[in-house]
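S.K.: The structure that follows is given in the form of structure tokens.
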Amino acid sequence: MISAVKQPSTTAFVVNDIARTGLFALRRKISLPPLPASTLPSLLCSSSRLSLKPMCVSSARKVVGSRDEELQFRCEAYEADRSEKVSVPAEEPQSSAAQKVKIGIYFATWWALNVVFNIYNKKVLNAFPFPWLTSTLSLACGSLIMLLSWAIRIAESPKTDLDFWKSLFPVAVAHTIGHVAATVSMSKVAVSFTHIIKSGEPAFSVLVSRFLLGETFPVSVYWSLLPIIGGCALAAATELNFNMIGFMGAMISNLAFVFRNIFSKRGMKGKSVSGMNYYACLSIMSLLILTPFAIAVEGPQVWAAGWETAISQIGPQFIWWVAAQSVFYHLYNQVSYMSLDEISPLTFSIGNTMKRISVIVSSIIIFHTPVQPINALGAAIAILGTFLYSQAKQ
Ligand code: 3PG
């Protein structure tokens with residue numbers, strides 16, 4: 001029963017959404033759990049008396065092709081108006097409560113890990129302003145963790161072929177650019193400002209999809225971009241420590257992550273690698289791409305000098321900060337990728353917005369970031385816009 005009701009419109013989304021959403025939408029499309037035969041009779045009984053929401057049904061049809069009927073059935077069951085009395089198996093409320101608890105745990109873990117990453121990342125960048133190296137170390141740490149996990153069989157290694165790695169390449173290029181651009185941004189401006197601008201990612205997604213791919217959206221989606229763009233613009237215009245490189249870094253990161261989602265949707269068609277392993281492969285390939293650029297842009301000489309300065313100012317605990325930002329970067333991404341095996345892209349995008357609120361608020365408190373009321377208002381409008389966008393895309 002639960003497989004029929006827990007993620008209704010998961011398969012119904014074709015998204016270029018908030019970071020990673022497209023990728024997960026695709027992964028979900030290719031790894032649909034079969035509907036247990038034992039659940040069919042009870043569903044058939046109850047669904048015959050349910051009133052349906054046609055939007056979900058039609059979008060499911062559009063996406064899933066040959067599994068059309070099964071998915072239509074699954075959406076109908078979920079989207080039903082339960083105001084009428086229907087016979088529901090006794091175990092459903094418990095299981096759905098358990099599912100909610102599980103998702104809650106995923107979200108709490110994801111946000112907590114992300115907050116810790118952002119704090120240590122900024123502490124490191126304040127003392128050691130070399131974002132190309134710290135970005136490389138984050139990817140190296142994640143790659144090492146996963147290679148070791150596969151070697152000692154804590155995690156099952158992915159079954160990949162040349163086609164998989166070829167299709168991963170453009171995704172990894174976009175991931176690398178998005179990651180390094182966000183880190184460069186955070187080395188120049190407050191963490192909160194970077195995340196306010198990053199909350200504008202849906203606007204990039206819609207604009208790229210509309211003007212480069214020719215996709216169209218409901219009018220409400222376009223309207224929802226107004227508060228996103230307006231809120232980000234207001235926050236940027238009133239940011240006390242505005243810096244153009246920091247602003248552009250966050251904007252480039254947004255654009256790169258939109259392309260990452262588009263490439264991942266196209267490239268991963270027909271593949272099935274778990275969320276955790278997909279992210280591991282992405283880290284490894286991104287590391288290979290980024291390393292030569294990091295050496296070219298910054299290089300060992302400035303790193304060595306900067307490292308000595310940081311150690312002399314902070315002490316040996318600086319090494320722990322670097323380790324923490326690297327490990328937590330991998331962990332938060334891994335949990336977010338794993339959580340998408342459990343939640344719909346829409347839930348994911350809302351969770352990602354909530355994550356940004358956690359990061360913005362906690363970083364303002366921890367780093368005593370000065371915020372003017374008008375600046376906070378801009379951030380709030382932008383965040384509200386992302387919620388409206390999520391609803392409009394539904
Ligand atoms: C990065 O360094 O990759 C960015 O901070 C990622 O940001 P996001 O996961 O919050 O989009």
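For the structure tokens, the naming scheme is as follows: chains receive sequential letters (A, B, ...) according to their order of presentation, residues are indexed from 1 within each chain, and ligands are indexed from 1 in presentation order.
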If the limit is 9 Å from any atom of ligand 1, counting only C-alpha atoms and all ligand atoms, which residues qualify? Return them as JSON, numbers by chain.
M.R.: {"A": [18, 19, 20, 114, 117, 118, 121, 135, 138, 175, 176, 177, 178, 179, 180, 181, 182, 183, 184, 186, 194, 195, 198, 199, 201, 250, 253, 254, 257, 329, 332, 333, 336, 352, 353, 355, 356, 359]}
S.K.: Suppose we keep N, CA, C and O atoms; can you now write the selection as a short mmCIF file (atom, residue, chain, number, x, y, z; two decimals), in the first residue's frame?
M.R.:
```
data_model
loop_
_atom_site.label_atom_id
_atom_site.label_comp_id
_atom_site.auth_asym_id
_atom_site.auth_seq_id
_atom_site.Cartn_x
_atom_site.Cartn_y
_atom_site.Cartn_z
N ILE A 18 15.55 23.11 -8.62
CA ILE A 18 16.61 23.46 -7.70
C ILE A 18 17.66 22.35 -7.76
O ILE A 18 17.35 21.21 -8.07
N ALA A 19 18.91 22.70 -7.45
CA ALA A 19 20.04 21.81 -7.69
C ALA A 19 19.75 20.35 -7.37
O ALA A 19 19.18 20.07 -6.33
N ARG A 20 20.17 19.50 -8.27
CA ARG A 20 20.04 18.05 -8.18
C ARG A 20 18.65 17.52 -8.44
O ARG A 20 18.46 16.34 -8.57
N ASN A 114 24.82 20.48 6.34
CA ASN A 114 25.07 21.61 5.45
C ASN A 114 25.46 22.86 6.25
O ASN A 114 26.36 23.61 5.85
N PHE A 117 28.98 22.35 7.38
CA PHE A 117 29.91 22.56 6.25
C PHE A 117 30.10 24.05 5.99
O PHE A 117 31.22 24.54 5.86
N ASN A 118 29.01 24.79 5.91
CA ASN A 118 29.11 26.21 5.56
C ASN A 118 29.90 26.99 6.60
O ASN A 118 30.66 27.91 6.25
N ASN A 121 33.59 25.88 6.27
CA ASN A 121 34.08 26.36 4.98
C ASN A 121 34.43 27.84 5.08
O ASN A 121 35.49 28.28 4.63
N SER A 135 37.94 23.82 -2.54
CA SER A 135 36.95 23.07 -3.35
C SER A 135 37.53 21.72 -3.76
O SER A 135 36.82 20.69 -3.74
N SER A 138 37.55 19.30 -0.83
CA SER A 138 36.21 18.74 -0.53
C SER A 138 35.94 17.54 -1.42
O SER A 138 35.47 16.49 -0.96
N HIS A 175 29.01 20.42 -12.42
CA HIS A 175 29.11 20.30 -10.96
C HIS A 175 30.38 21.00 -10.46
O HIS A 175 30.35 21.73 -9.46
N THR A 176 31.48 20.80 -11.19
CA THR A 176 32.76 21.41 -10.80
C THR A 176 32.66 22.93 -10.84
O THR A 176 33.06 23.63 -9.90
N ILE A 177 32.10 23.45 -11.94
CA ILE A 177 31.98 24.91 -12.07
C ILE A 177 31.06 25.46 -10.96
O ILE A 177 31.39 26.45 -10.31
N GLY A 178 29.94 24.79 -10.76
CA GLY A 178 28.99 25.26 -9.73
C GLY A 178 29.60 25.25 -8.34
O GLY A 178 29.39 26.17 -7.55
N HIS A 179 30.37 24.20 -8.06
CA HIS A 179 30.99 24.07 -6.73
C HIS A 179 32.07 25.12 -6.52
O HIS A 179 32.08 25.84 -5.52
N VAL A 180 32.97 25.24 -7.49
CA VAL A 180 34.09 26.18 -7.30
C VAL A 180 33.56 27.62 -7.31
O VAL A 180 34.03 28.48 -6.54
N ALA A 181 32.55 27.90 -8.13
CA ALA A 181 32.01 29.26 -8.18
C ALA A 181 31.35 29.63 -6.85
O ALA A 181 31.51 30.76 -6.36
N ALA A 182 30.63 28.67 -6.24
CA ALA A 182 30.00 28.96 -4.94
C ALA A 182 31.07 29.20 -3.88
O ALA A 182 30.92 30.07 -3.02
N THR A 183 32.16 28.42 -3.95
CA THR A 183 33.22 28.57 -2.94
C THR A 183 33.96 29.90 -3.13
O THR A 183 34.29 30.58 -2.15
N VAL A 184 34.20 30.27 -4.39
CA VAL A 184 34.82 31.58 -4.66
C VAL A 184 33.90 32.67 -4.10
O VAL A 184 34.36 33.61 -3.45
N MET A 186 31.78 32.48 -1.63
CA MET A 186 31.83 32.52 -0.17
C MET A 186 33.17 33.04 0.37
O MET A 186 33.26 33.46 1.52
N THR A 194 25.75 34.69 -0.16
CA THR A 194 25.87 33.67 -1.22
C THR A 194 24.59 32.84 -1.30
O THR A 194 24.06 32.58 -2.38
N HIS A 195 24.07 32.45 -0.13
CA HIS A 195 22.88 31.57 -0.15
C HIS A 195 21.62 32.32 -0.54
O HIS A 195 20.70 31.72 -1.09
N LYS A 198 21.86 32.24 -4.12
CA LYS A 198 21.63 30.87 -4.60
C LYS A 198 20.15 30.46 -4.50
O LYS A 198 19.71 29.54 -5.18
N SER A 199 19.42 31.15 -3.68
CA SER A 199 17.98 30.82 -3.62
C SER A 199 17.29 31.27 -4.92
O SER A 199 16.14 30.91 -5.17
N GLU A 201 18.07 30.22 -7.80
CA GLU A 201 18.33 29.20 -8.82
C GLU A 201 17.11 28.84 -9.68
O GLU A 201 17.24 28.63 -10.89
N ALA A 250 28.13 33.38 -7.08
CA ALA A 250 26.85 32.74 -6.74
C ALA A 250 25.96 32.62 -7.98
O ALA A 250 25.26 31.61 -8.17
N SER A 253 27.31 29.88 -10.16
CA SER A 253 26.98 28.59 -9.52
C SER A 253 25.54 28.19 -9.84
O SER A 253 25.25 27.04 -10.18
N ASN A 254 24.63 29.16 -9.77
CA ASN A 254 23.23 28.88 -10.11
C ASN A 254 23.10 28.37 -11.54
O ASN A 254 22.44 27.36 -11.80
N PHE A 257 24.59 24.86 -12.00
CA PHE A 257 23.78 23.78 -11.43
C PHE A 257 22.53 23.51 -12.27
O PHE A 257 22.03 22.39 -12.31
N TYR A 329 31.27 18.50 3.62
CA TYR A 329 30.79 18.76 2.26
C TYR A 329 30.32 17.45 1.62
O TYR A 329 29.24 17.38 1.02
N TYR A 332 27.03 16.02 3.52
CA TYR A 332 25.73 16.66 3.26
C TYR A 332 25.25 16.36 1.85
O TYR A 332 24.07 16.12 1.62
N ASN A 333 26.19 16.36 0.91
CA ASN A 333 25.78 16.02 -0.46
C ASN A 333 25.32 14.58 -0.56
O ASN A 333 24.32 14.29 -1.23
N SER A 336 21.91 14.30 0.90
CA SER A 336 20.88 14.91 0.04
C SER A 336 20.60 14.01 -1.16
O SER A 336 19.46 13.85 -1.57
N ASN A 352 15.40 21.97 0.03
CA ASN A 352 16.61 22.73 -0.29
C ASN A 352 16.45 24.20 0.08
O ASN A 352 17.38 24.84 0.56
N THR A 353 15.23 24.72 -0.12
CA THR A 353 14.98 26.11 0.26
C THR A 353 15.05 26.26 1.77
O THR A 353 15.65 27.22 2.29
N LYS A 355 16.72 24.45 3.71
CA LYS A 355 18.14 24.33 4.04
C LYS A 355 18.82 25.69 3.97
O LYS A 355 19.60 26.07 4.84
N ARG A 356 18.50 26.45 2.92
CA ARG A 356 19.14 27.76 2.77
C ARG A 356 18.74 28.70 3.91
O ARG A 356 19.55 29.48 4.39
N VAL A 359 20.89 27.82 6.81
CA VAL A 359 22.27 28.28 6.63
C VAL A 359 22.34 29.79 6.80
O VAL A 359 23.23 30.31 7.48
#
```
S.K.: Please provide as a short mmCIF file (atom, residue, chain, number, x, y, z; two decimals) with C-alpha atoms, in the first residue's frame all residues within 8 Å of Pro227 (chain A), with the sequence filter that same-chain residues fewer than 6 positions apart are discarded (counting only C-alpha atoms).
M.R.:
```cif
data_model
loop_
_atom_site.label_atom_id
_atom_site.label_comp_id
_atom_site.auth_asym_id
_atom_site.auth_seq_id
_atom_site.Cartn_x
_atom_site.Cartn_y
_atom_site.Cartn_z
CA ILE A 381 10.92 37.86 -0.46
CA ALA A 382 13.35 35.73 -2.48
CA LEU A 384 9.04 33.19 -0.35
CA GLY A 385 9.34 33.27 -4.12
#
```
S.K.: Would you kindly return, as a ChimeraX atom specification, each protein, DNA or RNA residue with an atom no farther than 8 Å from any atom of Ile245 (chain A), considering only C-alpha atoms and excluding same-chain residues fewer than 4 positions away?
M.R.: /A:184-185,188,249
S.K.: Write out, as a compact mmCIF listing (two decimals), in the first residue's frame, the residues just selected, with N, CA, C and O atoms.
M.R.:
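Output saved as selection28.txt:
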```txt
# COMPACT_ATOMS: atom_id res chain seq x y z
N VAL A 184 34.20 30.27 -4.39
CA VAL A 184 34.82 31.58 -4.66
C VAL A 184 33.90 32.67 -4.10
O VAL A 184 34.36 33.61 -3.45
N SER A 185 32.61 32.52 -4.33
CA SER A 185 31.66 33.51 -3.81
C SER A 185 31.78 33.63 -2.30
O SER A 185 31.89 34.73 -1.76
N LYS A 188 34.48 35.65 -0.80
CA LYS A 188 34.45 37.10 -1.00
C LYS A 188 33.33 37.80 -0.24
O LYS A 188 33.42 38.99 0.03
N GLY A 249 30.02 34.92 -8.52
CA GLY A 249 30.29 33.50 -8.19
C GLY A 249 28.99 32.76 -7.90
O GLY A 249 28.75 31.65 -8.41
```
S.K.: My list of candidates is A:Leu240, A:Leu144, A:Val208, A:Leu113. Which is closest to Thr369 (chain A) when distances are computed with only C-alpha atoms?
M.R.: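 Once distances to Thr369 (chain A) are computed over only C-alpha atoms, the minimum belongs to A:Leu240.
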S.K.: A:Ala305, A:Ser220, A:Ile197, A:Phe293: which is nearest Leu388 (chain A), counting only C-alpha atoms?
M.R.: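 Under the stated criterion, the closest residue is A:Ser220.
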S.K.: Would you mind reading off the distance between CA of Leu225 (chain A) and CA of Ala203 (chain A), one decimal, in Å?
M.R.: 5.7 Å
S.K.: Nearest to Gln334 (chain A) among A:Ser205, A:Ser264, A:Asn277, A:Thr136, with distances taken over only C-alpha atoms: which residue is it?
M.R.: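 Closest candidate: A:Asn277.
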S.K.: Given only C-alpha atoms as the basis, pick out the residue of A:Glu215, A:Glu308, A:Glu239, A:Glu156 nearest to Gln372 (chain A).
M.R.: A:Glu239
S.K.: Take CA of Val189 (chain A) and CA of Val327 (chain A) and report the distance between them in Å, one decimal.
M.R.: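 Computing it gives 22.7 Å between the two atoms.
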S.K.: Tell me which of A:Met338, A:Ile295, A:Leu331, A:Cys141 sits closest to Val273 (chain A), counting only C-alpha atoms.
M.R.: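 Comparing A:Met338, A:Ile295, A:Leu331, A:Cys141 against Val273 (chain A), the winner is A:Met338.
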